[in-house]
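Asker: Next up, coords_34.csv (CSV, C-alpha atoms and all ligand atoms).
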```
chain,number,residue,atom,x,y,z
R,23,MET,CA,3.8,-30.8,19.9
R,24,GLU,CA,0.4,-31.3,18.4
R,25,ILE,CA,-2.8,-30.3,20.2
R,26,TYR,CA,-6.1,-32.3,20.7
R,27,CYS,CA,-9.5,-31.4,19.5
R,28,GLY,CA,-11.7,-30.8,22.6
R,29,LEU,CA,-14.7,-32.5,20.9
R,30,CYS,CA,-13.3,-35.8,19.6
R,31,GLY,CA,-9.6,-35.9,20.7
R,32,GLU,CA,-8.2,-35.8,17.1
R,33,LYS,CA,-4.5,-34.7,17.1
R,34,SER,CA,-3.3,-31.9,14.8
R,35,HIS,CA,-1.1,-28.8,14.6
R,36,GLN,CA,-4.2,-26.8,13.7
R,37,LEU,CA,-7.9,-27.5,14.1
R,38,PHE,CA,-9.4,-25.1,11.4
R,39,SER,CA,-9.8,-27.7,8.7
R,40,HIS,CA,-10.7,-30.5,11.1
R,41,LEU,CA,-13.5,-28.4,12.7
R,42,ARG,CA,-14.9,-27.5,9.3
R,43,GLU,CA,-14.7,-31.0,7.8
R,44,VAL,CA,-15.6,-33.2,10.7
R,45,HIS,CA,-17.7,-31.0,13.1
R,46,GLU,CA,-19.0,-28.6,10.4
R,47,MET,CA,-18.3,-25.6,12.6
R,48,GLY,CA,-16.0,-22.5,12.6
R,49,PRO,CA,-13.5,-21.4,15.3
R,50,ASP,CA,-16.1,-19.1,16.9
R,51,ARG,CA,-18.5,-22.0,17.7
R,52,TYR,CA,-15.7,-24.2,18.8
R,53,GLY,CA,-14.6,-21.4,21.2
R,54,GLU,CA,-18.0,-21.4,22.8
R,55,ARG,CA,-18.0,-25.2,23.2
R,56,CYS,CA,-14.4,-25.5,24.4
R,57,PRO,CA,-13.4,-22.2,25.9
R,58,ASP,CA,-9.6,-21.8,26.3
R,59,ALA,CA,-8.8,-24.7,24.0
R,60,PRO,CA,-6.1,-23.7,21.5
R,61,LEU,CA,-6.7,-23.8,17.8
R,62,VAL,CA,-3.0,-24.0,16.8
R,63,SER,CA,0.0,-25.7,18.4
R,64,GLU,CA,2.9,-23.7,19.9
R,65,ASP,CA,5.1,-25.0,17.1
R,66,LEU,CA,2.8,-23.8,14.3
R,67,ALA,CA,2.2,-20.5,16.1
R,68,GLY,CA,6.0,-20.0,16.3
R,69,TYR,CA,6.4,-20.8,12.6
R,70,ILE,CA,3.6,-18.4,11.6
R,71,ARG,CA,5.2,-15.6,13.6
R,72,GLU,CA,8.6,-16.2,12.0
R,73,SER,CA,7.2,-16.5,8.5
R,74,ARG,CA,5.3,-13.3,8.9
R,75,ILE,CA,2.0,-14.9,8.2
R,76,VAL,CA,-1.1,-12.9,9.0
R,77,ALA,CA,-4.8,-13.4,8.8
R,78,SER,CA,-6.6,-11.1,6.3
R,79,ASP,CA,-10.1,-11.0,4.7
R,80,GLU,CA,-8.8,-13.3,2.1
R,81,GLY,CA,-7.5,-15.9,4.5
R,82,LEU,CA,-3.9,-16.4,5.6
R,83,LYS,CA,-1.3,-14.3,3.8
R,84,LYS,CA,2.4,-13.7,4.1
R,85,GLN,CA,4.0,-10.3,4.6
R,86,THR,CA,6.7,-10.0,2.0
R,87,GLU,CA,9.1,-7.2,1.5
R,88,LEU,CA,10.6,-6.6,-1.9
R,89,TYR,CA,13.0,-3.7,-2.5
R,90,GLY,CA,11.6,-1.9,0.5
R,91,VAL,CA,7.9,-2.3,-0.5
R,92,GLU,CA,5.6,-4.4,1.6
R,93,PHE,CA,3.0,-6.7,0.1
R,94,LEU,CA,0.6,-9.3,1.5
R,95,THR,CA,1.2,-12.3,-0.7
R,96,ASP,CA,-0.2,-15.8,-1.0
R,97,ILE,CA,1.8,-18.2,1.1
R,98,LEU,CA,2.5,-20.6,-1.8
R,99,PRO,CA,2.7,-20.0,-5.6
R,100,GLY,CA,-0.6,-20.9,-7.2
R,101,GLU,CA,-1.8,-21.3,-10.7
R,102,LEU,CA,-0.4,-18.8,-13.3
R,103,VAL,CA,2.4,-17.6,-11.0
R,104,PRO,CA,5.5,-17.3,-13.1
R,105,ASP,CA,8.5,-19.5,-12.2
R,106,VAL,CA,11.3,-17.7,-10.4
R,107,ASP,CA,14.3,-17.1,-12.7
R,108,GLU,CA,17.2,-17.1,-10.3
R,109,ASP,CA,19.5,-15.5,-12.9
R,110,TYR,CA,17.3,-12.5,-13.4
R,111,VAL,CA,19.1,-9.3,-12.6
R,112,PHE,CA,17.0,-6.5,-11.0
R,113,GLN,CA,17.8,-2.8,-11.1
R,114,GLU,CA,16.9,-2.0,-7.6
R,115,GLU,CA,15.6,1.5,-7.7
R,116,PHE,CA,13.7,1.0,-11.0
R,117,SER,CA,12.1,-2.2,-9.6
R,118,ARG,CA,11.2,-0.3,-6.4
R,119,GLN,CA,9.4,2.4,-8.3
R,120,VAL,CA,7.4,-0.2,-10.3
R,121,LEU,CA,6.6,-2.1,-7.1
R,122,ILE,CA,5.3,1.1,-5.5
R,123,SER,CA,3.0,1.7,-8.5
R,124,LEU,CA,1.8,-1.9,-8.3
R,125,LYS,CA,1.1,-1.5,-4.6
R,126,GLU,CA,-0.8,1.7,-5.3
R,127,LYS,CA,-2.9,-0.1,-8.0
R,128,GLU,CA,-1.8,2.3,-10.7
R,129,LYS,CA,-2.3,1.3,-14.3
R,130,ILE,CA,1.3,0.9,-15.6
R,131,LEU,CA,2.8,1.4,-19.0
R,132,LEU,CA,6.4,0.2,-19.5
R,133,VAL,CA,8.1,1.7,-22.6
R,134,GLY,CA,11.4,0.6,-24.0
R,135,PRO,CA,13.3,-1.1,-26.8
R,136,THR,CA,12.8,-4.7,-27.6
R,137,GLY,CA,14.5,-7.1,-25.3
R,138,CYS,CA,15.3,-4.6,-22.5
R,139,GLY,CA,13.4,-6.8,-20.1
R,140,LYS,CA,10.0,-5.1,-19.7
R,141,SER,CA,7.8,-8.2,-19.7
R,142,THR,CA,10.2,-10.4,-17.7
R,143,LEU,CA,10.6,-7.6,-15.1
R,144,ILE,CA,6.9,-7.8,-14.3
R,145,GLU,CA,6.9,-11.6,-14.4
R,146,GLN,CA,9.9,-11.9,-12.2
R,147,LEU,CA,8.6,-9.4,-9.6
R,148,ALA,CA,5.3,-11.3,-9.7
R,149,ALA,CA,7.2,-14.6,-9.3
R,150,ARG,CA,8.7,-13.3,-6.0
R,151,LEU,CA,5.3,-12.1,-4.8
R,152,ASN,CA,3.4,-15.3,-5.6
R,153,TRP,CA,1.2,-13.1,-7.9
R,154,PRO,CA,-0.5,-14.8,-10.8
R,155,VAL,CA,0.1,-13.2,-14.3
R,156,VAL,CA,-2.3,-13.4,-17.2
R,157,ARG,CA,-0.1,-12.4,-20.2
R,158,VAL,CA,-1.3,-11.6,-23.7
R,159,ALA,CA,0.1,-9.8,-26.7
R,160,ALA,CA,-2.0,-7.0,-28.0
R,161,SER,CA,-0.5,-7.0,-31.5
R,162,GLY,CA,-1.0,-9.6,-34.1
R,163,GLY,CA,-4.8,-9.7,-34.2
R,164,LEU,CA,-5.9,-9.6,-30.6
R,165,THR,CA,-9.7,-9.3,-30.8
R,166,GLU,CA,-12.3,-8.0,-28.4
R,167,SER,CA,-13.5,-11.6,-27.9
R,168,ASP,CA,-10.0,-12.7,-26.9
R,169,LEU,CA,-9.9,-9.9,-24.3
R,170,LEU,CA,-13.5,-9.8,-23.0
R,171,GLY,CA,-14.8,-13.3,-23.9
R,172,GLU,CA,-17.6,-14.7,-26.1
R,173,TRP,CA,-20.4,-17.2,-26.1
R,174,THR,CA,-19.5,-20.7,-27.0
R,175,VAL,CA,-21.0,-24.2,-26.9
R,176,ARG,CA,-19.6,-26.6,-24.3
R,177,ASP,CA,-21.0,-30.1,-23.7
R,178,GLY,CA,-24.1,-29.1,-25.6
R,179,GLU,CA,-24.7,-26.0,-23.5
R,180,THR,CA,-24.2,-22.4,-24.5
R,181,VAL,CA,-21.8,-20.8,-22.0
R,182,TYR,CA,-20.0,-17.5,-21.7
R,183,ASN,CA,-16.2,-18.1,-22.0
R,184,TYR,CA,-14.5,-15.2,-20.2
R,185,GLY,CA,-11.6,-13.5,-21.9
R,186,PHE,CA,-8.2,-12.6,-20.5
R,187,LEU,CA,-9.3,-9.4,-18.9
R,188,PRO,CA,-12.3,-10.5,-16.8
R,189,ARG,CA,-10.4,-13.7,-15.9
R,190,ALA,CA,-7.5,-11.7,-14.5
R,191,MET,CA,-10.0,-9.3,-12.8
R,192,LYS,CA,-11.8,-12.1,-11.1
R,193,MET,CA,-8.8,-14.1,-9.9
R,194,GLY,CA,-6.7,-11.1,-8.8
R,195,ALA,CA,-4.0,-11.5,-11.3
R,196,ILE,CA,-1.7,-9.0,-13.0
R,197,CYS,CA,-3.0,-8.7,-16.5
R,198,LEU,CA,0.1,-8.1,-18.6
R,199,ILE,CA,-0.7,-6.8,-22.0
R,200,ASP,CA,2.4,-6.7,-24.2
R,201,GLU,CA,2.9,-4.6,-27.3
R,202,ILE,CA,0.0,-2.3,-26.4
R,203,ASP,CA,1.1,0.0,-29.2
R,204,GLY,CA,0.1,-2.7,-31.6
R,205,ILE,CA,-3.5,-2.8,-30.3
R,206,GLU,CA,-6.4,-2.2,-32.7
R,207,PRO,CA,-8.2,1.0,-31.7
R,208,SER,CA,-11.5,-0.8,-31.3
R,209,VAL,CA,-10.0,-3.3,-28.9
R,210,ALA,CA,-8.2,-0.5,-26.9
R,211,PHE,CA,-11.6,1.2,-26.5
R,212,SER,CA,-13.0,-1.9,-24.9
R,213,ILE,CA,-10.5,-1.7,-22.0
R,214,HIS,CA,-11.0,2.0,-21.4
R,215,GLN,CA,-13.4,1.4,-18.6
R,216,VAL,CA,-11.0,-0.8,-16.7
R,217,MET,CA,-8.4,1.9,-16.7
R,218,GLU,CA,-10.4,4.2,-14.5
R,219,ALA,CA,-9.3,4.3,-10.9
R,220,ARG,CA,-11.8,1.8,-9.6
R,221,GLY,CA,-12.6,0.5,-13.0
R,222,LYS,CA,-15.3,-2.1,-13.3
R,223,LEU,CA,-15.9,-3.9,-16.5
R,224,VAL,CA,-19.4,-4.1,-18.0
R,225,LEU,CA,-19.6,-7.1,-20.2
R,226,LEU,CA,-22.4,-6.1,-22.6
R,227,GLN,CA,-21.8,-9.4,-24.4
R,228,ASN,CA,-22.9,-11.2,-21.3
R,229,GLY,CA,-26.1,-9.4,-20.6
R,230,GLY,CA,-24.3,-6.4,-19.0
R,231,GLU,CA,-22.6,-8.5,-16.3
R,232,ILE,CA,-20.5,-6.2,-14.1
R,233,ILE,CA,-17.0,-7.5,-13.2
R,234,GLU,CA,-15.7,-5.9,-10.0
R,235,PRO,CA,-11.9,-5.9,-9.9
R,236,HIS,CA,-10.4,-8.3,-7.2
R,237,GLU,CA,-8.3,-6.5,-4.6
R,238,SER,CA,-5.1,-7.9,-6.3
R,239,PHE,CA,-6.0,-7.2,-9.9
R,240,ARG,CA,-3.5,-5.0,-11.7
R,241,LEU,CA,-3.2,-3.9,-15.3
R,242,VAL,CA,0.3,-3.6,-16.8
R,243,THR,CA,1.1,-2.9,-20.4
R,244,THR,CA,4.3,-2.7,-22.3
R,245,ALA,CA,5.2,-1.0,-25.6
R,246,ASN,CA,8.2,-0.2,-27.7
R,247,SER,CA,7.0,3.3,-28.5
R,248,LEU,CA,5.4,6.1,-26.4
R,249,GLY,CA,2.2,5.9,-28.3
R,250,HIS,CA,3.3,8.3,-31.1
R,251,GLY,CA,4.0,5.5,-33.6
R,252,ASP,CA,7.4,4.2,-34.5
R,253,GLU,CA,9.7,6.8,-35.9
R,254,THR,CA,12.7,4.5,-36.2
R,255,GLY,CA,11.1,1.9,-38.6
R,256,LEU,CA,12.5,-0.9,-36.4
R,257,TYR,CA,9.1,-2.1,-35.1
R,258,ALA,CA,6.4,-3.5,-37.4
R,259,GLY,CA,2.7,-3.0,-36.7
R,260,ILE,CA,3.1,0.0,-34.3
R,261,LYS,CA,0.0,2.1,-34.1
R,262,VAL,CA,-0.4,5.6,-32.7
R,263,LEU,CA,-2.2,5.4,-29.4
R,264,ASN,CA,-5.0,7.7,-28.7
R,265,ALA,CA,-4.2,10.5,-26.2
R,266,ALA,CA,-7.2,9.6,-24.0
R,267,PHE,CA,-5.9,6.1,-23.8
R,268,LEU,CA,-2.4,7.2,-22.8
R,269,ASP,CA,-3.8,9.7,-20.2
R,270,ARG,CA,-5.3,6.8,-18.3
R,271,PHE,CA,-2.0,5.4,-17.3
R,272,ALA,CA,-1.1,6.7,-13.9
R,273,SER,CA,2.5,5.5,-14.3
R,274,VAL,CA,4.6,5.5,-17.4
R,275,PHE,CA,8.1,4.1,-17.0
R,276,GLU,CA,10.7,4.4,-19.6
R,277,MET,CA,13.1,1.5,-19.6
R,278,SER,CA,16.3,1.1,-21.4
R,279,TYR,CA,19.0,-1.6,-21.7
R,280,MET,CA,20.9,-2.4,-18.5
R,281,PRO,CA,24.1,-0.7,-17.8
R,282,PRO,CA,26.9,-2.7,-19.5
R,283,LEU,CA,28.3,-4.2,-16.3
R,284,LEU,CA,24.9,-5.5,-15.3
R,285,GLU,CA,24.2,-6.9,-18.7
R,286,ALA,CA,27.6,-8.7,-18.7
R,287,GLN,CA,26.5,-10.1,-15.4
R,288,ILE,CA,23.3,-11.4,-16.9
R,289,ILE,CA,25.3,-13.2,-19.6
R,290,ARG,CA,27.6,-14.8,-17.0
R,291,ASN,CA,24.7,-15.8,-14.8
R,292,ARG,CA,23.1,-17.6,-17.7
R,293,ALA,CA,26.3,-18.9,-19.2
R,294,PRO,CA,28.9,-19.4,-16.5
R,295,SER,CA,31.4,-20.7,-19.1
R,296,CYS,CA,31.5,-17.2,-20.7
R,297,THR,CA,34.5,-15.3,-19.5
R,298,LYS,CA,34.2,-11.8,-18.0
R,299,ALA,CA,36.1,-10.3,-21.0
R,300,LEU,CA,34.0,-12.0,-23.6
R,301,ALA,CA,30.7,-11.0,-21.8
R,302,ARG,CA,31.9,-7.4,-21.8
R,303,THR,CA,32.8,-7.5,-25.5
R,304,LEU,CA,29.5,-9.0,-26.4
R,305,VAL,CA,27.7,-6.2,-24.6
R,306,LYS,CA,29.9,-3.6,-26.3
R,307,VAL,CA,29.1,-5.1,-29.8
R,308,ALA,CA,25.4,-5.3,-29.0
R,309,GLY,CA,25.6,-1.5,-28.5
R,310,PHE,CA,25.9,-1.1,-32.3
R,311,HIS,CA,22.7,-2.8,-33.1
R,312,PRO,CA,19.9,-0.6,-34.5
R,313,THR,CA,17.5,-1.3,-31.5
R,314,ARG,CA,20.2,0.2,-29.3
R,315,THR,CA,21.4,3.1,-31.3
R,316,GLY,CA,17.7,3.9,-32.1
R,317,ARG,CA,18.4,4.3,-35.8
R,318,PHE,CA,18.0,1.9,-38.7
R,319,CYS,CA,21.3,0.8,-40.3
R,320,PRO,CA,21.4,0.2,-44.0
R,321,PRO,CA,22.9,-3.2,-44.9
R,322,HIS,CA,26.3,-1.7,-45.8
R,323,ASP,CA,26.6,0.0,-42.4
R,324,LYS,CA,29.8,-1.1,-40.8
R,325,ALA,CA,28.3,-1.6,-37.4
R,326,LEU,CA,25.6,-3.9,-38.9
R,327,LEU,CA,28.3,-5.8,-40.9
R,328,THR,CA,30.2,-6.4,-37.7
R,329,PHE,CA,27.1,-7.5,-36.0
R,330,GLN,CA,26.2,-9.9,-38.8
R,331,PHE,CA,29.7,-11.4,-38.8
R,332,LEU,CA,29.5,-12.0,-35.1
R,333,THR,CA,25.9,-13.4,-35.1
R,334,PRO,CA,25.7,-17.1,-35.7
R,335,PRO,CA,23.2,-18.2,-38.4
R,336,VAL,CA,20.4,-18.7,-35.9
R,337,PRO,CA,17.5,-16.3,-35.1
R,338,CYS,CA,19.3,-14.5,-32.3
R,339,GLY,CA,18.0,-10.9,-32.5
R,340,HIS,CA,20.3,-8.4,-30.9
R,341,GLN,CA,20.8,-10.0,-27.5
R,342,PRO,CA,24.4,-10.8,-26.6
R,343,ILE,CA,23.3,-13.7,-24.4
R,344,LEU,CA,21.6,-15.3,-27.4
R,345,TRP,CA,24.7,-14.9,-29.5
R,346,TYR,CA,26.8,-16.6,-26.9
R,347,GLU,CA,24.3,-19.5,-26.6
R,348,GLY,CA,23.9,-19.6,-30.4
R,349,GLN,CA,27.7,-19.8,-31.0
R,350,ASN,CA,27.8,-22.9,-28.8
R,351,THR,CA,25.2,-24.6,-31.0
R,352,CYS,CA,26.7,-23.5,-34.3
R,353,GLN,CA,29.7,-25.3,-35.7
R,354,GLY,CA,32.3,-23.1,-37.4
R,355,SER,CA,31.4,-19.8,-35.8
R,356,SER,CA,33.8,-18.4,-33.3
R,357,PHE,CA,34.3,-15.4,-31.2
N,1,LIG,N1,17.4,-8.0,-16.2
N,1,LIG,C1,17.5,-9.2,-16.8
N,1,LIG,N2,18.0,-10.2,-16.2
N,1,LIG,C2,18.1,-11.4,-16.9
N,1,LIG,N3,17.6,-11.6,-18.1
N,1,LIG,C3,17.0,-10.6,-18.7
N,1,LIG,C4,16.9,-9.3,-18.1
N,1,LIG,N4,16.3,-8.5,-19.0
N,1,LIG,C5,16.0,-9.2,-20.1
N,1,LIG,N5,16.4,-10.4,-19.9
N,1,LIG,C6,16.2,-11.5,-20.9
N,1,LIG,O1,16.0,-11.0,-22.1
N,1,LIG,C7,15.0,-11.6,-22.8
N,1,LIG,C8,14.0,-10.5,-23.3
N,1,LIG,O2,13.4,-9.9,-22.2
N,1,LIG,P1,11.9,-9.4,-22.3
N,1,LIG,O3,11.0,-10.3,-23.1
N,1,LIG,O4,11.4,-9.1,-21.0
N,1,LIG,O5,12.1,-8.1,-23.1
N,1,LIG,P2,11.0,-7.0,-23.6
N,1,LIG,O6,11.5,-5.7,-23.2
N,1,LIG,O7,9.6,-7.4,-23.0
N,1,LIG,O8,11.0,-7.2,-25.2
N,1,LIG,P3,9.9,-6.9,-26.3
N,1,LIG,O9,9.7,-5.4,-26.4
N,1,LIG,O10,10.4,-7.5,-27.5
N,1,LIG,O11,8.6,-7.6,-25.8
N,1,LIG,C9,14.4,-12.6,-21.9
N,1,LIG,O12,14.8,-13.9,-22.3
N,1,LIG,C10,14.9,-12.2,-20.5
N,1,LIG,O13,15.0,-13.4,-19.7
N,2,MG,MG,7.8,-8.0,-24.0
```
Could you render the structure from this file as structure tokens?
Ligand SMILES: Nc1ncnc2c1ncn2[C@@H]1O[C@H](COP(=O)(O)OP(=O)(O)OP(=O)(O)O)[C@@H](O)[C@H]1O
Ligand SMILES: [Mg+2]

Answerer:
Amino acid sequence: MEIYCGLCGEKSHQLFSHLREVHEMGPDRYGERCPDAPLVSEDLAGYIRESRIVASDEGLKKQTELYGVEFLTDILPGELVPDVDEDYVFQEEFSRQVLISLKEKEKILLVGPTGCGKSTLIEQLAARLNWPVVRVAASGGLTESDLLGEWTVRDGETVYNYGFLPRAMKMGAICLIDEIDGIEPSVAFSIHQVMEARGKLVLLQNGGEIIEPHESFRLVTTANSLGHGDETGLYAGIKVLNAAFLDRFASVFEMSYMPPLLEAQIIRNRAPSCTKALARTLVKVAGFHPTRTGRFCPPHDKALLTFQFLTPPVPCGHQPILWYEGQNTCQGSSF
């Protein structure tokens, strides 16, 4: 049942917004004017208790537990929160360790071969915690201006257009920098300061503005190599990361491909028409691919020939799920 405002008789389940908008007062002043008058209805109070909603310095938050780690999350997904992928398969213990690091505000580096799920792991954890993600790829010409911002003219006025990093820091997002091992050394240098424990960012470009990290800001990076350059020749554009840069990561996680049974499960989640046996075979064949064996196969290599025979003529990479989806779109190819 709704309650009534003690000042004007308006009916509502909660009076916070009504008091602010109509009477221009907060709950404290209302309490002085109408002592003992409730601010929320019994129904809403019950819902709040059940949904584990709590008041915090940043307003109402929800207590959410994910793989045994507790977070205070936004109640509803806001801007830049990734969509939940219901088919995503988590490795529980690994996810728990990453979540603990996120909770502890550690700077994280996830290292592993292409397609093993580094970027999507962060996105899918964030999706379940209503945590916004600002995602950017470090390789392929990321500049200091992209990352930090630059002066620009908007509607005839010169304004500072904040880059990915200060934007994530201000809004309390996870800044996910992919392919950090492809970053230009000069750009890497510009994020050194943020990687300190309570790292603030000084934007010299904007008159030395100091950006304080929001309570929920996190920095997560991903890479295919451990910063020593690429010895396999499989990844283009990999640079050797400076030791001082690597040392700033409190958590370095090495990630590899899922155990075969889980990977077969991913295929069947995404493509329910794929039989168990076919899913397992696809995972087995994927094991021959150079990104999985860690060595480059010359074109006459038997494993690669097998792989090419099985791969439909679409840009599928090495992922068995893409082969399965590809073969359904390619006439004449069969498994
Ligand atoms: N655990 C998983 N469950 C479901 N899908 C997955 C899983 N891991 C990876 N994928 C799928 O594989 C694809 C590649 O994953 P992702 O981009 O996260 O890999 P990555 O390790 O970041 O690769 P890269 O090094 O190339 O950036 C995505 O489409 C993702 O949905
Ligand atoms: Mg990635």

Asker: Env of stretch 285-289 of chain R: 7 Å cut, atoms = only C-alpha atoms, seq-sep filter 6 positions within chain, self excluded. Answer as number ranges by chain.

Answerer: R: 109, 111, 301-302, 305, 343

Asker: For C-alpha atoms, I'd like the residues from the last selection saved as an mmCIF file, in the coordinates of the input.

Answerer:
```cif
data_model
loop_
_atom_site.group_PDB
_atom_site.id
_atom_site.type_symbol
_atom_site.label_atom_id
_atom_site.label_comp_id
_atom_site.auth_asym_id
_atom_site.auth_seq_id
_atom_site.Cartn_x
_atom_site.Cartn_y
_atom_site.Cartn_z
ATOM 1 C CA ASP R 109 19.500 -15.500 -12.900
ATOM 2 C CA VAL R 111 19.100 -9.300 -12.600
ATOM 3 C CA ALA R 301 30.700 -11.000 -21.800
ATOM 4 C CA ARG R 302 31.900 -7.400 -21.800
ATOM 5 C CA VAL R 305 27.700 -6.200 -24.600
ATOM 6 C CA ILE R 343 23.300 -13.700 -24.400
#
```

Asker: Which of these, R:Leu98, R:Ala190, R:Ile232, R:Leu283, has the shortest distance to R:Gln113 once you count only C-alpha atoms?

Answerer: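 So, comparing all the options, the nearest one is R:Leu283.
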
Asker: Report, in Å to a single decimal, how far apart atom CA of R:Gly309 and atom CA of R:Pro282 are.

Answerer: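 Value for the atom CA of R:Pro282-atom CA of R:Gly309 distance: 9.2 Å.
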
Asker: Within 6 Å of ligand LIG 1 (chain N), counting all atoms listed in the file, which protein or nucleic acid residues do you find, written as a ChimeraX atom specification?

Answerer: /R:109-112,135-142,246,288

Asker: Residues of chain R that have any atom at most 12 Å from an atom of ligand MG 2 (chain N): could you tabulate them with the shortest-distance atom pair and the distance in Å to one decimal, using only C-alpha atoms and all ligand atoms, ordered by chain and increasing number, as a tab-separated table?

Answerer:
```
residue	atom	partner	partner_atom	distance
R:Leu131	CA	N:MG2	MG	11.8
R:Leu132	CA	N:MG2	MG	9.5
R:Val133	CA	N:MG2	MG	9.8
R:Gly134	CA	N:MG2	MG	9.3
R:Pro135	CA	N:MG2	MG	9.3
R:Thr136	CA	N:MG2	MG	7.0
R:Gly137	CA	N:MG2	MG	6.9
R:Cys138	CA	N:MG2	MG	8.4
R:Gly139	CA	N:MG2	MG	6.9
R:Lys140	CA	N:MG2	MG	5.6
R:Ser141	CA	N:MG2	MG	4.3
R:Thr142	CA	N:MG2	MG	7.2
R:Leu143	CA	N:MG2	MG	9.3
R:Ile144	CA	N:MG2	MG	9.7
R:Glu145	CA	N:MG2	MG	10.3
R:Arg157	CA	N:MG2	MG	9.8
R:Val158	CA	N:MG2	MG	9.8
R:Ala159	CA	N:MG2	MG	8.4
R:Ala160	CA	N:MG2	MG	10.6
R:Ser161	CA	N:MG2	MG	11.2
R:Leu198	CA	N:MG2	MG	9.4
R:Ile199	CA	N:MG2	MG	8.8
R:Asp200	CA	N:MG2	MG	5.6
R:Glu201	CA	N:MG2	MG	6.8
R:Ile202	CA	N:MG2	MG	10.0
R:Asp203	CA	N:MG2	MG	11.7
R:Val242	CA	N:MG2	MG	11.3
R:Thr243	CA	N:MG2	MG	9.2
R:Thr244	CA	N:MG2	MG	6.6
R:Ala245	CA	N:MG2	MG	7.6
R:Asn246	CA	N:MG2	MG	8.6
R:Met277	CA	N:MG2	MG	11.7
```

Asker: Between atom CA of R:Asp107 and atom CA of R:Leu94, measure the distance and give it in Å to one decimal.

Answerer: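 So the two atoms, atom CA of R:Asp107 and atom CA of R:Leu94, lie 21.2 Å apart.
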
Asker: Have a look at R:Ser117, R:Thr297, R:Ser34, R:Gln215 and name the one nearest to R:Pro60; count all atoms listed in the file.

Answerer: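 With all atoms listed in the file as the atom set, the closest residue is R:Ser34.
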
Asker: Smallest atom-to-atom distance to R:Leu88: which of R:Leu151, R:Gln146, R:Arg51, R:Val106, using only C-alpha atoms?

Answerer: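 Of all the options, R:Leu151 lies closest to R:Leu88.
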
Asker: Would you list the contacts of R:Val155 as number ranges by chain, taking every protein, DNA or RNA residue within 6 Å and counting only C-alpha atoms, but skipping same-chain residues closer than 2 positions in sequence?

Answerer: R: 102-103, 157, 195-197

Asker: Taking the block just given, write stretch 40-51 of chain R to a file that holds N, CA and C atoms, as a compact mmCIF listing (two decimals), in the first residue's frame.

Answerer:
```txt
# COMPACT_ATOMS: atom_id res chain seq x y z
N HIS R 40 9.61 13.03 -4.70
CA HIS R 40 8.51 13.98 -4.54
C HIS R 40 8.95 15.17 -3.67
N LEU R 41 9.60 14.87 -2.54
CA LEU R 41 10.04 15.94 -1.63
C LEU R 41 11.03 16.87 -2.32
N ARG R 42 11.94 16.26 -3.10
CA ARG R 42 12.96 17.06 -3.78
C ARG R 42 12.32 17.94 -4.85
N GLU R 43 11.44 17.33 -5.66
CA GLU R 43 10.90 18.05 -6.82
C GLU R 43 9.80 19.04 -6.44
N VAL R 44 8.92 18.65 -5.51
CA VAL R 44 7.76 19.51 -5.20
C VAL R 44 8.03 20.43 -4.01
N HIS R 45 8.65 19.89 -2.97
CA HIS R 45 8.83 20.71 -1.76
C HIS R 45 10.27 21.21 -1.60
N GLU R 46 11.11 20.81 -2.53
CA GLU R 46 12.52 21.25 -2.53
C GLU R 46 13.18 21.04 -1.17
N MET R 47 13.01 19.88 -0.64
CA MET R 47 13.66 19.57 0.64
C MET R 47 14.13 18.10 0.64
N GLY R 48 15.05 17.82 1.52
CA GLY R 48 15.55 16.45 1.65
C GLY R 48 14.82 15.73 2.77
N PRO R 49 15.09 14.44 2.97
CA PRO R 49 14.40 13.66 4.00
C PRO R 49 14.61 14.19 5.42
N ASP R 50 15.79 14.83 5.67
CA ASP R 50 16.04 15.32 7.04
C ASP R 50 15.04 16.41 7.42
N ARG R 51 14.87 17.37 6.50
CA ARG R 51 13.95 18.49 6.81
C ARG R 51 12.51 17.99 6.91
```
